[in-house]
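**Q** What follows is input03.cif, made up of mmCIF, C-alpha atoms:
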```cif
data_query
loop_
_atom_site.group_PDB
_atom_site.id
_atom_site.type_symbol
_atom_site.label_atom_id
_atom_site.label_comp_id
_atom_site.auth_asym_id
_atom_site.auth_seq_id
_atom_site.Cartn_x
_atom_site.Cartn_y
_atom_site.Cartn_z
ATOM 1 C CA MET A 8 -23.933 17.101 -2.267
ATOM 2 C CA GLN A 9 -22.303 16.290 1.052
ATOM 3 C CA LYS A 10 -18.624 15.302 0.916
ATOM 4 C CA PHE A 11 -17.556 12.497 3.246
ATOM 5 C CA ASP A 12 -14.241 12.162 5.058
ATOM 6 C CA SER A 13 -14.758 8.674 6.461
ATOM 7 C CA VAL A 14 -16.852 5.559 5.995
ATOM 8 C CA ASP A 15 -18.356 6.170 9.435
ATOM 9 C CA ASP A 16 -19.546 9.620 8.309
ATOM 10 C CA TYR A 17 -20.915 8.158 5.082
ATOM 11 C CA ILE A 18 -22.927 5.448 6.830
ATOM 12 C CA ALA A 19 -24.167 7.857 9.515
ATOM 13 C CA SER A 20 -25.717 10.059 6.803
ATOM 14 C CA PHE A 21 -28.388 7.406 6.060
ATOM 15 C CA PRO A 22 -31.589 6.488 7.899
ATOM 16 C CA ASP A 23 -31.033 3.842 10.581
ATOM 17 C CA ASP A 24 -32.411 0.901 8.587
ATOM 18 C CA THR A 25 -30.227 1.665 5.558
ATOM 19 C CA ALA A 26 -27.225 2.490 7.757
ATOM 20 C CA HIS A 27 -27.567 -0.924 9.405
ATOM 21 C CA LEU A 28 -27.408 -2.656 6.002
ATOM 22 C CA LEU A 29 -24.456 -0.524 4.887
ATOM 23 C CA GLN A 30 -22.656 -1.398 8.107
ATOM 24 C CA GLN A 31 -23.356 -5.067 7.420
ATOM 25 C CA VAL A 32 -21.800 -4.800 3.936
ATOM 26 C CA ARG A 33 -18.806 -2.987 5.437
ATOM 27 C CA GLN A 34 -18.310 -5.703 8.031
ATOM 28 C CA ILE A 35 -18.441 -8.467 5.415
ATOM 29 C CA ILE A 36 -15.757 -6.733 3.347
ATOM 30 C CA ARG A 37 -13.557 -6.129 6.394
ATOM 31 C CA GLU A 38 -13.846 -9.773 7.452
ATOM 32 C CA CYS A 39 -12.946 -11.026 3.971
ATOM 33 C CA ALA A 40 -10.183 -8.502 3.344
ATOM 34 C CA PRO A 41 -8.768 -7.413 6.711
ATOM 35 C CA GLU A 42 -5.608 -6.045 5.039
ATOM 36 C CA ALA A 43 -7.567 -3.813 2.671
ATOM 37 C CA GLU A 44 -7.325 -0.073 3.128
ATOM 38 C CA GLU A 45 -10.712 1.524 3.825
ATOM 39 C CA LEU A 46 -11.233 4.955 2.319
ATOM 40 C CA ILE A 47 -13.692 7.265 0.624
ATOM 41 C CA SER A 48 -13.299 7.383 -3.153
ATOM 42 C CA TYR A 49 -15.785 8.952 -5.546
ATOM 43 C CA ASN A 50 -17.557 10.002 -2.319
ATOM 44 C CA MET A 51 -18.425 6.406 -1.384
ATOM 45 C CA PRO A 52 -16.821 3.689 0.754
ATOM 46 C CA ALA A 53 -13.985 1.969 -1.084
ATOM 47 C CA TYR A 54 -11.456 -0.724 -0.301
ATOM 48 C CA ARG A 55 -8.002 -1.031 -1.780
ATOM 49 C CA PHE A 56 -5.806 -4.114 -1.745
ATOM 50 C CA ASN A 57 -3.186 -4.266 -4.495
ATOM 51 C CA GLY A 58 -5.460 -1.884 -6.373
ATOM 52 C CA VAL A 59 -9.154 -1.132 -6.123
ATOM 53 C CA LEU A 60 -10.992 -4.018 -4.518
ATOM 54 C CA VAL A 61 -14.649 -2.941 -4.185
ATOM 55 C CA TYR A 62 -16.877 0.070 -3.568
ATOM 56 C CA PHE A 63 -20.395 0.271 -2.177
ATOM 57 C CA ALA A 64 -22.991 3.001 -1.894
ATOM 58 C CA GLY A 65 -26.429 3.526 -0.438
ATOM 59 C CA TYR A 66 -29.406 4.699 -2.463
ATOM 60 C CA LYS A 67 -33.109 5.165 -1.861
ATOM 61 C CA ASN A 68 -34.073 1.584 -2.775
ATOM 62 C CA HIS A 69 -30.831 -0.367 -3.004
ATOM 63 C CA ILE A 70 -27.175 -0.736 -2.131
ATOM 64 C CA GLY A 71 -24.884 -0.468 -5.125
ATOM 65 C CA PHE A 72 -21.858 -2.761 -5.086
ATOM 66 C CA TYR A 73 -19.075 -2.007 -7.551
ATOM 67 C CA ALA A 74 -15.960 -3.600 -9.091
ATOM 68 C CA LEU A 75 -17.391 -7.024 -9.813
ATOM 69 C CA PRO A 76 -15.105 -9.892 -10.811
ATOM 70 C CA SER A 77 -15.092 -10.956 -14.432
ATOM 71 C CA GLY A 78 -15.229 -14.427 -15.881
ATOM 72 C CA ASN A 79 -16.490 -16.272 -12.805
ATOM 73 C CA ALA A 80 -19.477 -18.310 -13.988
ATOM 74 C CA ALA A 81 -20.703 -19.289 -10.505
ATOM 75 C CA ILE A 82 -20.774 -15.680 -9.324
ATOM 76 C CA GLU A 83 -22.299 -14.471 -12.582
ATOM 77 C CA GLU A 84 -25.145 -16.945 -12.135
ATOM 78 C CA GLU A 85 -25.830 -15.701 -8.585
ATOM 79 C CA LEU A 86 -25.613 -12.084 -9.748
ATOM 80 C CA SER A 87 -28.233 -12.740 -12.418
ATOM 81 C CA ARG A 88 -30.915 -12.509 -9.698
ATOM 82 C CA TYR A 89 -30.118 -8.816 -9.239
ATOM 83 C CA LYS A 90 -30.281 -5.711 -11.385
ATOM 84 C CA GLN A 91 -26.830 -5.043 -12.816
ATOM 85 C CA GLY A 92 -24.926 -2.337 -14.569
ATOM 86 C CA ARG A 93 -21.469 -2.338 -16.064
ATOM 87 C CA GLY A 94 -19.324 -3.750 -13.255
ATOM 88 C CA SER A 95 -22.028 -3.182 -10.634
ATOM 89 C CA VAL A 96 -24.951 -4.867 -8.950
ATOM 90 C CA GLN A 97 -27.901 -3.528 -6.963
ATOM 91 C CA PHE A 98 -28.969 -5.236 -3.751
ATOM 92 C CA PRO A 99 -32.550 -4.126 -2.911
ATOM 93 C CA LEU A 100 -33.040 -2.692 0.564
ATOM 94 C CA SER A 101 -36.232 -4.738 0.820
ATOM 95 C CA LYS A 102 -34.330 -8.053 0.789
ATOM 96 C CA PRO A 103 -31.653 -9.518 3.067
ATOM 97 C CA ILE A 104 -28.059 -8.696 2.194
ATOM 98 C CA PRO A 105 -26.588 -11.632 0.205
ATOM 99 C CA VAL A 106 -23.725 -12.254 2.617
ATOM 100 C CA ASP A 107 -22.305 -15.313 0.870
ATOM 101 C CA LEU A 108 -22.394 -13.640 -2.532
ATOM 102 C CA ILE A 109 -20.559 -10.570 -1.233
ATOM 103 C CA LYS A 110 -17.938 -12.839 0.356
ATOM 104 C CA LYS A 111 -17.436 -14.624 -2.968
ATOM 105 C CA ILE A 112 -17.146 -11.337 -4.862
ATOM 106 C CA VAL A 113 -14.560 -9.945 -2.447
ATOM 107 C CA ALA A 114 -12.553 -13.195 -2.535
ATOM 108 C CA CYS A 115 -12.554 -13.172 -6.345
ATOM 109 C CA ARG A 116 -11.516 -9.534 -6.461
ATOM 110 C CA ILE A 117 -8.618 -10.273 -4.093
ATOM 111 C CA GLU A 118 -7.502 -13.105 -6.394
ATOM 112 C CA GLU A 119 -7.804 -10.865 -9.466
ATOM 113 C CA ASN A 120 -5.754 -8.102 -7.861
ATOM 114 C CA LEU A 121 -3.085 -10.513 -6.644
ATOM 115 C CA SER A 122 -2.815 -12.150 -10.066
ATOM 116 C CA LYS A 123 -2.409 -8.729 -11.716
ATOM 117 C CA LYS A 124 0.371 -7.919 -9.259
ATOM 118 C CA LYS A 125 2.198 -11.176 -10.061
ATOM 119 C CA LYS A 126 2.046 -10.438 -13.809
ATOM 120 C CA SER A 127 3.625 -7.005 -13.427
#
```
Rewrite the structure of this file - the entire thing - as C-alpha cells.

**A**
Amino acid sequence: MQKFDSVDDYIASFPDDTAHLLQQVRQIIRECAPEAEELISYNMPAYRFNGVLVYFAGYKNHIGFYALPSGNAAIEEELSRYKQGRGSVQFPLSKPIPVDLIKKIVACRIEENLSKKKKS
C-alpha cells in the first residue's frame, strides 16, 4: 500500500474523475473550516480543528466521509439517503457530491469540537 505525505499526493494517486471529486470535497472542507490543519492521518486526508474534524477517502465506487456529527436530526435524515457505517457515510462516485450536506457536517463537527473544548 502506498503511503502518502500530503493531501495533494493522495488525490493525485486517483484517476482524474475521482481525483476531481476528491478535490471538490477538499475544497468544501477548506472553505468551511479555513483554520483547520490539513494532514494525512490513517493514510487519508484529515482535518484537525480543536481535535479531529473530518477525514475522507477515495474508493473504487465511492468517497468515504468520516467523523460524522451525532445527535443532529436534520443531518441524520439527509444521511439516510446514503450507505453508512459507524461514524461514516459513502458518497457514490456516480452521483454529484452533496455539497450542502458536507458543509452542514463540517459546521456541526466544528461546533462539537468547540463545545468539547469549552467543557474541558

**Q** Please give the centre and size of the box around region 108-117 of chain A (axis-aligned, containing every atom listed in the file, 8 Å added per side), with values in Å to one decimal and written as AutoDock Vina command-line options.

**A**
```
--center_x -15.5 --center_y -12.1 --center_z -3.1 --size_x 29.8 --size_y 21.1 --size_z 22.8
```

**Q** Report the residues retrieved by the PyMOL selection byres ((chain A and resi 60) around 8) from the displayed file, expressed as a short mmCIF file (atom, residue, chain, number, x, y, z; two decimals) with C-alpha atoms, keeping the file's coordinate frame.

**A**
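Written output follows (out.cif):
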```cif
data_model
loop_
_atom_site.label_atom_id
_atom_site.label_comp_id
_atom_site.auth_asym_id
_atom_site.auth_seq_id
_atom_site.Cartn_x
_atom_site.Cartn_y
_atom_site.Cartn_z
CA ALA A 43 -7.57 -3.81 2.67
CA ALA A 53 -13.98 1.97 -1.08
CA TYR A 54 -11.46 -0.72 -0.30
CA ARG A 55 -8.00 -1.03 -1.78
CA PHE A 56 -5.81 -4.11 -1.74
CA ASN A 57 -3.19 -4.27 -4.50
CA GLY A 58 -5.46 -1.88 -6.37
CA VAL A 59 -9.15 -1.13 -6.12
CA VAL A 61 -14.65 -2.94 -4.18
CA TYR A 62 -16.88 0.07 -3.57
CA ALA A 74 -15.96 -3.60 -9.09
CA VAL A 113 -14.56 -9.94 -2.45
CA ARG A 116 -11.52 -9.53 -6.46
CA ILE A 117 -8.62 -10.27 -4.09
CA ASN A 120 -5.75 -8.10 -7.86
#
```

**Q** Is there a way to get, as a PyMOL selection string, all residues within 10 Å of the point (-20.6, -3.8, -17.6) in file coordinates, counting only C-alpha atoms?

**A** chain A and resi 74-75+77+91-96

**Q** Print the selection's residues with C-alpha atoms to a file, as a PDB file, in the coordinates of the input.

**A**
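Listing of out_31.pdb after writing:
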```
ATOM      1  CA  ALA A  74     -15.960  -3.600  -9.091  1.00  0.00           C
ATOM      2  CA  LEU A  75     -17.391  -7.024  -9.813  1.00  0.00           C
ATOM      3  CA  SER A  77     -15.092 -10.956 -14.432  1.00  0.00           C
ATOM      4  CA  GLN A  91     -26.830  -5.043 -12.816  1.00  0.00           C
ATOM      5  CA  GLY A  92     -24.926  -2.337 -14.569  1.00  0.00           C
ATOM      6  CA  ARG A  93     -21.469  -2.338 -16.064  1.00  0.00           C
ATOM      7  CA  GLY A  94     -19.324  -3.750 -13.255  1.00  0.00           C
ATOM      8  CA  SER A  95     -22.028  -3.182 -10.634  1.00  0.00           C
ATOM      9  CA  VAL A  96     -24.951  -4.867  -8.950  1.00  0.00           C
TER      10      VAL A  96
END
```

**Q** Rounded to one decimal in Å, what is the spacing between CA of Lys110 (chain A) and CA of Val14 (chain A)?

**A**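 According to the coordinates, CA of Lys110 (chain A) and CA of Val14 (chain A) are separated by 19.3 Å.
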
**Q** Kindly give the distance, in Å, that separates CA of Ser48 (chain A) and CA of Ala114 (chain A), rounded to a single decimal.

**A**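 Atom-to-atom, CA of Ser48 (chain A) and CA of Ala114 (chain A) are spaced 20.6 Å apart.
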
**Q** If we count only C-alpha atoms, what is near Ala64 (chain A) at a cut-off of 7 Å, once residues fewer than 3 positions away on the same chain are taken out, given as a PyMOL selection string?

**A** chain A and resi 51-52+70-72

**Q** Taking C-alpha atoms for each residue, export the selection above as a PDB file, in the coordinates of the input.

**A**
```
ATOM      1  CA  MET A  51     -18.425   6.406  -1.384  1.00  0.00           C
ATOM      2  CA  PRO A  52     -16.821   3.689   0.754  1.00  0.00           C
ATOM      3  CA  ILE A  70     -27.175  -0.736  -2.131  1.00  0.00           C
ATOM      4  CA  GLY A  71     -24.884  -0.468  -5.125  1.00  0.00           C
ATOM      5  CA  PHE A  72     -21.858  -2.761  -5.086  1.00  0.00           C
TER       6      PHE A  72
END
```

**Q** Taking only C-alpha atoms into account, which of A:Tyr73, A:Phe63, A:Phe11, A:Phe98 comes nearest Gln30 (chain A)?

**A** A:Phe63

**Q** Using all atoms listed in the file, pick whichever of A:Asp24, A:Glu85, A:Glu119, A:Glu44 has the shortest atom-to-atom distance to Gly65 (chain A).

**A** A:Asp24

**Q** With the PyMOL selection byres ((chain A and resi 68) around 6) as the selection, what would be picked from this file? Answer as a PyMOL selection string, please.

**A** chain A and resi 66-67+69+99-100

**Q** Write out as a list of chain:residue names each polymer residue whose atoms come within 12 Å of Ala81 (chain A), counting only C-alpha atoms; drop sequence neighbours fewer than 3 positions from it.

**A** A:Pro76, A:Ser77, A:Gly78, A:Glu84, A:Glu85, A:Leu86, A:Ser87, A:Leu108, A:Lys111, A:Ile112, A:Cys115

**Q** For His27 (chain A), which residue among A:Ile104, A:Ile47, A:Glu118, A:Ala40 is the nearest when counting all atoms listed in the file?

**A**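 Going through A:Ile104, A:Ile47, A:Glu118, A:Ala40 one by one, the smallest distance to His27 (chain A) is for A:Ile104.
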
**Q** Write out as number ranges by chain which residues come within 9 Å of Asp12 (chain A) when counting only C-alpha atoms, dropping same-chain ones fewer than 5 positions away.

**A** A: 17, 46-47, 50

**Q** Rounded to one decimal, what separation in Å do you get between CA of Tyr89 (chain A) and CA of Ile36 (chain A)?

**A**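 Rounded to one decimal, the two atoms are 19.2 Å apart.
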